[in-house]
Each structure stands twice: as structure tokens, then as C-alpha cells.
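Everything below belongs to upload.txt, which stores compact mmCIF, C-alpha atoms and all ligand atoms.
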# COMPACT_ATOMS: atom_id res chain seq x y z
CA MET A 1204 -168.74 -5.79 89.21
CA LYS A 1205 -169.31 -8.74 91.45
CA GLN A 1206 -166.11 -7.99 93.32
CA LEU A 1207 -167.16 -4.36 93.85
CA LYS A 1208 -170.43 -5.50 95.42
CA ILE A 1209 -168.57 -7.73 97.85
CA THR A 1210 -166.26 -4.86 98.78
CA ILE A 1211 -169.18 -2.55 99.46
CA SER A 1212 -171.09 -5.05 101.56
CA SER A 1213 -168.06 -5.98 103.64
CA PHE A 1214 -167.37 -2.27 104.12
CA THR A 1215 -170.96 -1.78 105.33
CA PHE A 1216 -170.56 -4.68 107.69
CA LEU A 1217 -167.31 -3.29 109.07
CA SER A 1218 -168.85 0.17 109.50
CA MET A 1219 -171.69 -1.36 111.47
CA LEU A 1220 -169.24 -3.19 113.66
CA SER A 1221 -167.26 -0.02 114.32
CA LEU A 1222 -170.46 1.90 115.03
CA MET A 1223 -171.38 -0.66 117.64
CA ALA A 1224 -167.89 -0.48 119.10
CA CYS A 1225 -168.19 3.31 119.43
CA LYS A 1226 -171.41 3.23 121.38
CA THR A 1227 -169.84 4.97 124.33
CA ASN A 1228 -169.08 8.51 123.16
CA ASP A 1229 -165.93 9.93 124.65
CA VAL A 1230 -164.80 13.52 124.16
CA THR A 1231 -161.30 12.75 122.91
CA PRO A 1232 -160.96 12.35 119.15
CA THR A 1233 -160.34 8.79 118.03
CA ALA A 1234 -156.60 8.20 117.92
CA THR A 1235 -155.30 7.36 114.51
CA THR A 1236 -152.05 5.73 113.48
CA SER A 1237 -152.75 5.93 109.76
CA THR A 1238 -150.18 7.70 107.59
CA GLU A 1239 -153.02 9.37 105.72
CA VAL A 1240 -153.10 13.12 106.49
CA PRO A 1241 -156.41 14.02 108.21
CA ASP A 1242 -158.38 16.74 106.37
CA VAL A 1243 -158.01 19.27 109.19
CA TYR A 1244 -154.26 19.66 108.52
CA LYS A 1245 -154.96 20.29 104.82
CA LYS A 1246 -156.40 23.63 105.94
CA VAL A 1247 -152.77 24.78 106.25
CA TYR A 1248 -153.00 26.04 102.67
CA GLY A 1249 -149.60 27.77 102.78
CA ALA A 1250 -147.71 24.49 103.22
CA SER A 1251 -145.49 23.16 100.44
CA SER A 1252 -145.98 19.65 101.82
CA ILE A 1253 -147.94 17.95 104.59
CA THR A 1254 -147.16 14.34 105.47
CA SER A 1255 -147.81 11.90 108.30
CA ASP A 1256 -145.77 9.01 109.63
CA GLY A 1257 -148.64 7.87 111.83
CA THR A 1258 -147.15 9.61 114.90
CA TYR A 1259 -146.24 13.10 113.69
CA ILE A 1260 -147.65 15.41 111.03
CA THR A 1261 -144.82 17.15 109.18
CA ILE A 1262 -145.68 20.54 107.67
CA LYS A 1263 -143.18 22.38 105.48
CA THR A 1264 -143.52 26.10 104.75
CA THR A 1265 -141.39 29.09 103.72
CA GLY A 1266 -142.86 31.27 106.47
CA ALA A 1267 -143.37 34.19 104.07
CA PRO A 1268 -146.90 35.63 104.15
CA ASP A 1269 -149.26 35.33 101.15
CA HIS A 1270 -150.60 38.82 101.90
CA LYS A 1271 -149.27 42.28 101.29
CA SER A 1272 -146.86 43.83 103.74
CA VAL A 1273 -144.73 46.92 104.09
CA TYR A 1274 -141.96 44.49 105.07
CA TYR A 1275 -141.60 43.05 101.55
CA THR A 1276 -138.92 44.83 99.54
CA SER A 1277 -140.44 47.54 97.36
CA THR A 1278 -139.82 45.54 94.16
CA ASN A 1279 -141.86 42.57 95.44
CA SER A 1280 -145.45 42.43 94.13
CA LEU A 1281 -146.64 41.87 97.71
CA TYR A 1282 -145.09 45.13 98.91
CA GLU A 1283 -147.65 47.63 100.12
CA ASN A 1284 -147.12 50.83 102.04
CA PHE A 1285 -148.56 50.69 105.57
CA THR A 1286 -152.21 51.65 105.74
CA GLY A 1287 -154.72 51.09 108.46
CA THR A 1288 -154.30 51.12 112.20
CA THR A 1289 -151.74 49.40 114.36
CA PHE A 1290 -152.60 46.79 116.95
CA GLY A 1291 -153.23 48.93 120.01
CA GLY A 1292 -153.89 52.08 117.98
CA ASN A 1293 -150.50 53.82 118.32
CA ALA A 1294 -148.61 55.34 115.38
CA PHE A 1295 -147.00 52.75 113.10
CA LYS A 1296 -143.22 52.45 113.48
CA LYS A 1297 -141.59 50.26 110.84
CA ASN A 1298 -138.76 48.05 112.05
CA PRO A 1299 -135.57 47.84 109.91
CA ASN A 1300 -136.08 44.21 108.80
CA SER A 1301 -137.52 42.77 105.58
CA ILE A 1302 -139.18 39.45 104.81
CA SER A 1303 -137.05 36.44 103.85
CA THR A 1304 -138.04 32.87 103.06
CA PHE A 1305 -136.97 29.85 105.07
CA ASN A 1306 -137.33 26.07 105.00
CA TYR A 1307 -139.53 25.53 108.03
CA THR A 1308 -140.29 21.96 109.08
CA PHE A 1309 -142.95 21.76 111.77
CA LYS A 1310 -143.29 18.29 113.29
CA ILE A 1311 -146.39 18.11 115.46
CA PRO A 1312 -148.03 15.16 117.26
CA LEU A 1313 -150.84 13.54 115.26
CA ASN A 1314 -152.67 12.56 118.45
CA PRO A 1315 -151.97 15.42 120.90
CA LYS A 1316 -152.34 14.73 124.62
CA GLU A 1317 -152.10 16.86 127.74
CA ALA A 1318 -148.53 16.85 129.08
CA ALA A 1319 -147.78 16.03 132.72
CA ASN A 1320 -145.30 18.90 132.83
CA HIS A 1321 -146.25 21.88 130.68
CA ALA A 1322 -143.15 23.04 128.82
CA ALA A 1323 -142.61 26.77 128.38
CA THR A 1324 -142.69 28.12 124.83
CA ALA A 1325 -139.34 29.21 123.40
CA LEU A 1326 -138.68 32.48 121.59
CA GLY A 1327 -139.10 31.89 117.87
CA ALA A 1328 -141.70 29.69 116.18
CA ILE A 1329 -144.16 28.00 118.54
CA GLY A 1330 -146.63 26.89 115.88
CA VAL A 1331 -147.80 27.31 112.30
CA SER A 1332 -150.72 29.26 110.92
CA LEU A 1333 -152.84 28.34 107.90
CA ASN A 1334 -150.78 30.44 105.47
CA GLY A 1335 -147.52 28.92 106.72
CA VAL A 1336 -146.40 31.92 108.80
CA PRO A 1337 -145.16 30.89 112.26
CA PHE A 1338 -146.82 31.90 115.50
CA TYR A 1339 -144.51 33.42 118.13
CA ASN A 1340 -145.21 33.76 121.85
CA GLN A 1341 -146.07 36.86 123.87
CA TYR A 1342 -142.47 37.96 124.48
CA ALA A 1343 -140.11 40.22 122.53
CA GLY A 1344 -137.10 38.71 124.33
CA PRO A 1345 -136.57 36.61 127.46
CA SER A 1346 -139.41 37.72 129.77
CA GLN A 1347 -139.69 41.03 127.88
CA PRO A 1348 -143.22 42.11 127.03
CA LEU A 1349 -144.12 43.00 123.44
CA THR A 1350 -144.89 46.64 124.30
CA ASN A 1351 -142.29 48.20 122.00
CA GLU A 1352 -142.73 45.67 119.20
CA ILE A 1353 -146.47 46.08 118.82
CA THR A 1354 -146.21 49.39 116.97
CA SER A 1355 -144.19 47.67 114.24
CA PHE A 1356 -146.88 45.12 113.31
CA ASP A 1357 -148.05 45.63 109.71
CA GLN A 1358 -151.70 45.95 108.65
CA TYR A 1359 -152.21 42.19 109.15
CA TYR A 1360 -150.48 42.27 112.56
CA GLY A 1361 -147.26 40.51 111.63
CA HIS A 1362 -143.64 41.61 111.33
CA PRO A 1363 -140.19 40.15 110.54
CA GLN A 1364 -137.37 39.75 113.08
CA GLN A 1365 -133.68 40.59 112.41
CA ALA A 1366 -133.10 37.58 110.11
CA GLY A 1367 -136.26 38.35 108.11
CA ALA A 1368 -138.42 35.66 109.71
CA TYR A 1369 -141.97 37.00 109.51
CA HIS A 1370 -144.32 35.97 112.35
CA TYR A 1371 -147.54 36.63 114.25
CA HIS A 1372 -147.63 37.27 118.01
CA VAL A 1373 -151.31 38.23 117.92
CA GLU A 1374 -154.45 37.69 115.83
CA PRO A 1375 -153.41 37.20 112.18
CA LEU A 1376 -155.88 39.60 110.58
CA TYR A 1377 -155.45 38.29 107.04
CA LEU A 1378 -156.73 34.92 108.23
CA THR A 1379 -159.54 36.18 110.47
CA GLN A 1380 -160.74 38.84 107.99
CA VAL A 1381 -159.89 37.57 104.50
CA LYS A 1382 -159.11 33.84 104.32
CA ALA A 1383 -161.17 32.51 107.20
CA THR A 1384 -163.29 34.00 109.99
CA LYS A 1385 -162.91 35.19 113.59
CA SER A 1386 -164.17 31.83 114.83
CA ALA A 1387 -162.23 29.62 112.42
CA LEU A 1388 -159.22 27.38 112.83
CA LEU A 1389 -156.08 29.52 112.36
CA GLY A 1390 -153.35 26.89 112.75
CA PHE A 1391 -151.64 24.61 115.25
CA LEU A 1392 -149.11 25.01 118.03
CA LEU A 1393 -146.16 22.61 118.16
CA ASP A 1394 -147.97 20.38 120.66
CA GLY A 1395 -150.53 19.55 117.97
CA PHE A 1396 -153.44 21.39 119.57
CA PRO A 1397 -155.35 23.72 117.23
CA VAL A 1398 -155.53 27.51 117.49
CA TYR A 1399 -158.86 29.24 116.90
CA GLY A 1400 -159.82 32.87 116.34
CA PRO A 1401 -161.07 35.30 118.99
CA GLN A 1402 -164.74 34.36 118.64
CA GLU A 1403 -166.81 31.28 119.40
CA ASN A 1404 -170.56 30.80 118.93
CA GLY A 1405 -170.88 34.36 117.64
CA ALA A 1406 -169.30 36.08 120.67
CA ASP A 1407 -165.80 37.15 121.72
CA VAL A 1408 -164.07 34.48 123.78
CA ALA A 1409 -163.68 35.74 127.36
CA GLU A 1410 -160.21 35.46 128.90
CA SER A 1411 -161.95 34.06 131.97
CA SER A 1412 -163.13 31.03 129.95
CA LEU A 1413 -159.53 30.09 129.13
CA ASP A 1414 -157.02 28.26 131.33
CA ALA A 1415 -153.38 29.14 132.10
CA TYR A 1416 -152.32 27.90 128.64
CA HIS A 1417 -154.97 30.09 126.95
CA GLY A 1418 -157.29 27.33 125.89
CA HIS A 1419 -160.19 25.09 126.85
CA THR A 1420 -161.90 21.91 125.71
CA THR A 1421 -165.11 22.13 123.68
CA ALA A 1422 -166.42 20.77 120.41
CA THR A 1423 -165.30 22.74 117.34
CA ILE A 1424 -166.36 22.59 113.69
CA ASP A 1425 -163.25 20.58 112.90
CA TYR A 1426 -163.43 18.37 115.99
CA PRO A 1427 -167.15 17.74 116.63
CA SER A 1428 -166.42 15.29 119.46
CA GLY A 1429 -164.39 17.94 121.30
CA ILE A 1430 -160.72 18.84 121.62
CA TYR A 1431 -158.50 21.11 123.68
CA HIS A 1432 -157.77 24.25 121.66
CA TYR A 1433 -156.14 27.64 122.09
CA HIS A 1434 -157.87 30.93 121.35
CA VAL A 1435 -156.32 34.11 120.04
CA THR A 1436 -157.48 37.14 122.03
CA ASN A 1437 -156.54 40.83 121.92
CA LYS A 1438 -155.02 40.78 125.42
CA ASP A 1439 -151.64 39.49 126.58
CA PRO A 1440 -150.77 36.57 126.25
CA TYR A 1441 -152.70 36.76 122.92
CA ILE A 1442 -152.20 33.15 121.70
CA ASN A 1443 -150.60 30.97 124.34
CA GLY A 1444 -150.23 31.46 128.08
CA SER A 1445 -147.87 29.72 130.47
CA GLY A 1446 -146.50 27.10 128.10
CA TYR A 1447 -147.85 24.26 125.99
CA TYR A 1448 -150.90 22.30 127.07
CA GLY A 1449 -149.47 19.23 125.36
CA THR A 1450 -146.01 17.92 124.58
CA PRO A 1451 -144.46 20.00 121.82
CA GLY A 1452 -143.03 18.49 118.65
CA THR A 1453 -140.16 20.25 116.90
CA VAL A 1454 -139.51 23.04 114.42
CA SER A 1455 -136.45 23.67 112.28
CA GLN A 1456 -135.82 26.38 109.73
ZN ZN A 1501 -141.89 39.75 116.89
ZN ZN A 1502 -163.08 27.44 122.20
Translate this structure into C-alpha cells?
Amino acid sequence: MKQLKITISSFTFLSMLSLMACKTNDVTPTATTSTEVPDVYKKVYGASSITSDGTYITIKTTGAPDHKSVYYTSTNSLYENFTGTTFGGNAFKKNPNSISTFNYTFKIPLNPKEAANHAATALGAIGVSLNGVPFYNQYAGPSQPLTNEITSFDQYYGHPQQAGAYHYHVEPLYLTQVKATKSALLGFLLDGFPVYGPQENGADVAESSLDAYHGHTTATIDYPSGIYHYHVTNKDPYINGSGYYGTPGTVSQ
């Protein structure tokens, strides 16, 4: 009991010291080198494991959605015939692929920083959403717009590519309508910066308030002292613009 008291009072003393040290409020989140996983990453509920080495957060997922889709094989309990409206409102056109599972390993910087040279996003996974499904960029192929692919998005606006890798190029409706909200955290890009939904402070985020990388720096619920973050919008480039704001980590599958 005595020992516990000492621990508490020394903790209080240390907290006071750190409070004094933090008198000047800066807008960048306090850098951490702890191997403890910060709570914000635990929002990636679709991950099979989330670990930190003090430099990178490693998130492992299968990439298969936790919601129904017409792209599951008809014997899968998550199979559901297409209902609803397509992104863009055209007639739904199913692509010939079906959903497979993978061993994704997303390695993203624990303390993301703006890069001096903004790397372009590659085709394939550019980030991870809360249910473990990867985010893809705004292209169907090298410099090819998504125009013809959009009609094949399922009711939650995702679809699988040829190898069965399911992904979101646009707002993941299952997250913004069922699991979270239109203003909530939806995931992270490979550079470690968070991705938020299409609304902020109760209004749609205007494209004009976003920079070339499709983000801006403000306080968010998860980062009250402010952080750079991307926003999903319903206009091209949808999630990310001309490359990563920060230095991307890696992804393997
Ligand atoms: Zn696609
Ligand atoms: Zn914002």
C-alpha cells in the first residue's frame, strides 16, 4: 500500500513537470517512440494484429470486407445481390472478379511528417481503412481515369480487381453510414496521415479547402492538437490528390 502511494505521488509530480514543459502549445502531435500502440490505430477494427516498433505501426489485414457484397461467391454468407444505386447513378455493371483474402502488411510511420518531395501513389493499395480493406488511388490504370470502373462498385462502393483484391477508390459507404459517420476517421494512407469522411463540423468538405494532396491541417476528434489529414470527397481525386503529403511506408500482400 505504501509503495502504491509513492508511485502515485511520483506520477503526479512527473505529470506536473511534463505539463510545465508543454506550456507552449504547438500544433504537431507530440512525437512518441513508445512501442505501445496509440488508441487511434485501434480504430482499425478489421486488423488481425496491430503492433508498433516505436517508428512504424504495422497493421495486418486480409483485405476482405466485413460487409455484404455481390462480389462474394454466392455460397458465402456475405454474398448479397446488388441493390441500391451506383456511385454516379449509372446502371450497375458487375465485373467478372470475386473477393479473395490476402495477407496484407501495412507499415506506416508512427510520427508522420510532411515529405520534401511528395511521392506519387502507386496503383494498388495506398492505405488501409478501418475494416482492413485497402484504399486505392483515383486511377484504373496508369493515368487512366476511373470512369469505366465506377459502374462496377458494389452498394458500399468497393470492388475486387482481377486477383480478387477488394478495394475502395471512393467513400467507403459501409464505414460512413454503418460503422462510423461521414465526419469520422476512416483509415490511414501509407504515409501515416489519417483519412476522414466527406464532412467536417456538420458540413460537406469543400474541394477548395483541400490542397493538392487532398488534405489540410486542422484539429480532429482523434488529434485535438491538430494534424494533417486527407478527406474523402465525391469528386475526382476522391481520396488522395497528387501524391502523398508525407513519406509513405510500405505494403505487402
Ligand atoms: Zn478498382
Ligand atoms: Zn479536415
Env of Thr1235 of chain A: 8 Å cut, atoms = only C-alpha atoms, seq-sep filter 5 positions within chain, self excluded. Answer as a PyMOL selection string.
chain A and resi 1257+1313-1314
Could the residues in this selection be saved with C-alpha atoms as a compact mmCIF listing (two decimals), keeping the file's coordinate frame?
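Done, and the output landed in again_2.txt:
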# COMPACT_ATOMS: atom_id res chain seq x y z
CA GLY A 1257 -148.64 7.87 111.83
CA LEU A 1313 -150.84 13.54 115.26
CA ASN A 1314 -152.67 12.56 118.45
Do you have the atom CA of Tyr1339 of chain A-atom ZN of ligand ZN 1501 (chain A) distance handy?
7.0 Å
List all protein, DNA and RNA residues that have any atom at most 10 Å from ligand ZN 1501 (chain A), counting only C-alpha atoms and all ligand atoms, and write the list as number ranges by chain.
A: 1326-1327, 1338-1344, 1349, 1351-1353, 1355-1356, 1360-1365, 1368-1373
Nearest-residue call for Ala1294 of chain A, choices A:Pro1451, A:Gln1380, A:Ile1430, A:Asp1357, using all atoms listed in the file
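So, comparing all the options, the nearest one is A:Asp1357.
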For ligand ZN 1502 (chain A), list the contacting residues at 8 Å or closer, counting all atoms listed in the file, as an MDAnalysis selection string.
chainID A and resid 1399 1402:1403 1408 1418:1423 1431:1434
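Going from atom CA of Ser1272 of chain A to atom CA of Asn1300 of chain A covers 11.9 Å.
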So how far away is atom CA of Glu1239 of chain A from atom CA of Ser1255 of chain A, in Å?
6.3 Å
I'd like the neighbourhood of Val1381 of chain A as a PyMOL selection string, where a residue qualifies if any of its atoms comes within 12 Å (using all atoms listed in the file), though same-chain residues fewer than 5 positions away should be ignored.
chain A and resi 1269-1270+1334+1359+1375-1376+1387+1389
Of the candidates A:Thr1354, A:Ser1428, A:Thr1254, A:Ser1346, which one gets nearest to Ala1323 of chain A if we count all atoms listed in the file?
A:Ser1346
Neighbouring residues of Asp1256 of chain A were defined as those with any atom within 10 Å, considering all atoms listed in the file; residues of the same chain fewer than 4 positions away were excluded. Please report them as a ChimeraX atom specification.
/A:1236-1240,1260-1261,1313
How big is the axis-aligned box around all listed atoms of segment 1329-1343 of chain A once 3 Å goes on each side, and where's its centre, in Å to one decimal, as AutoDock Vina command-line options?
--center_x -146.5 --center_y 33.6 --center_z 115.0 --size_x 18.7 --size_y 19.3 --size_z 25.0
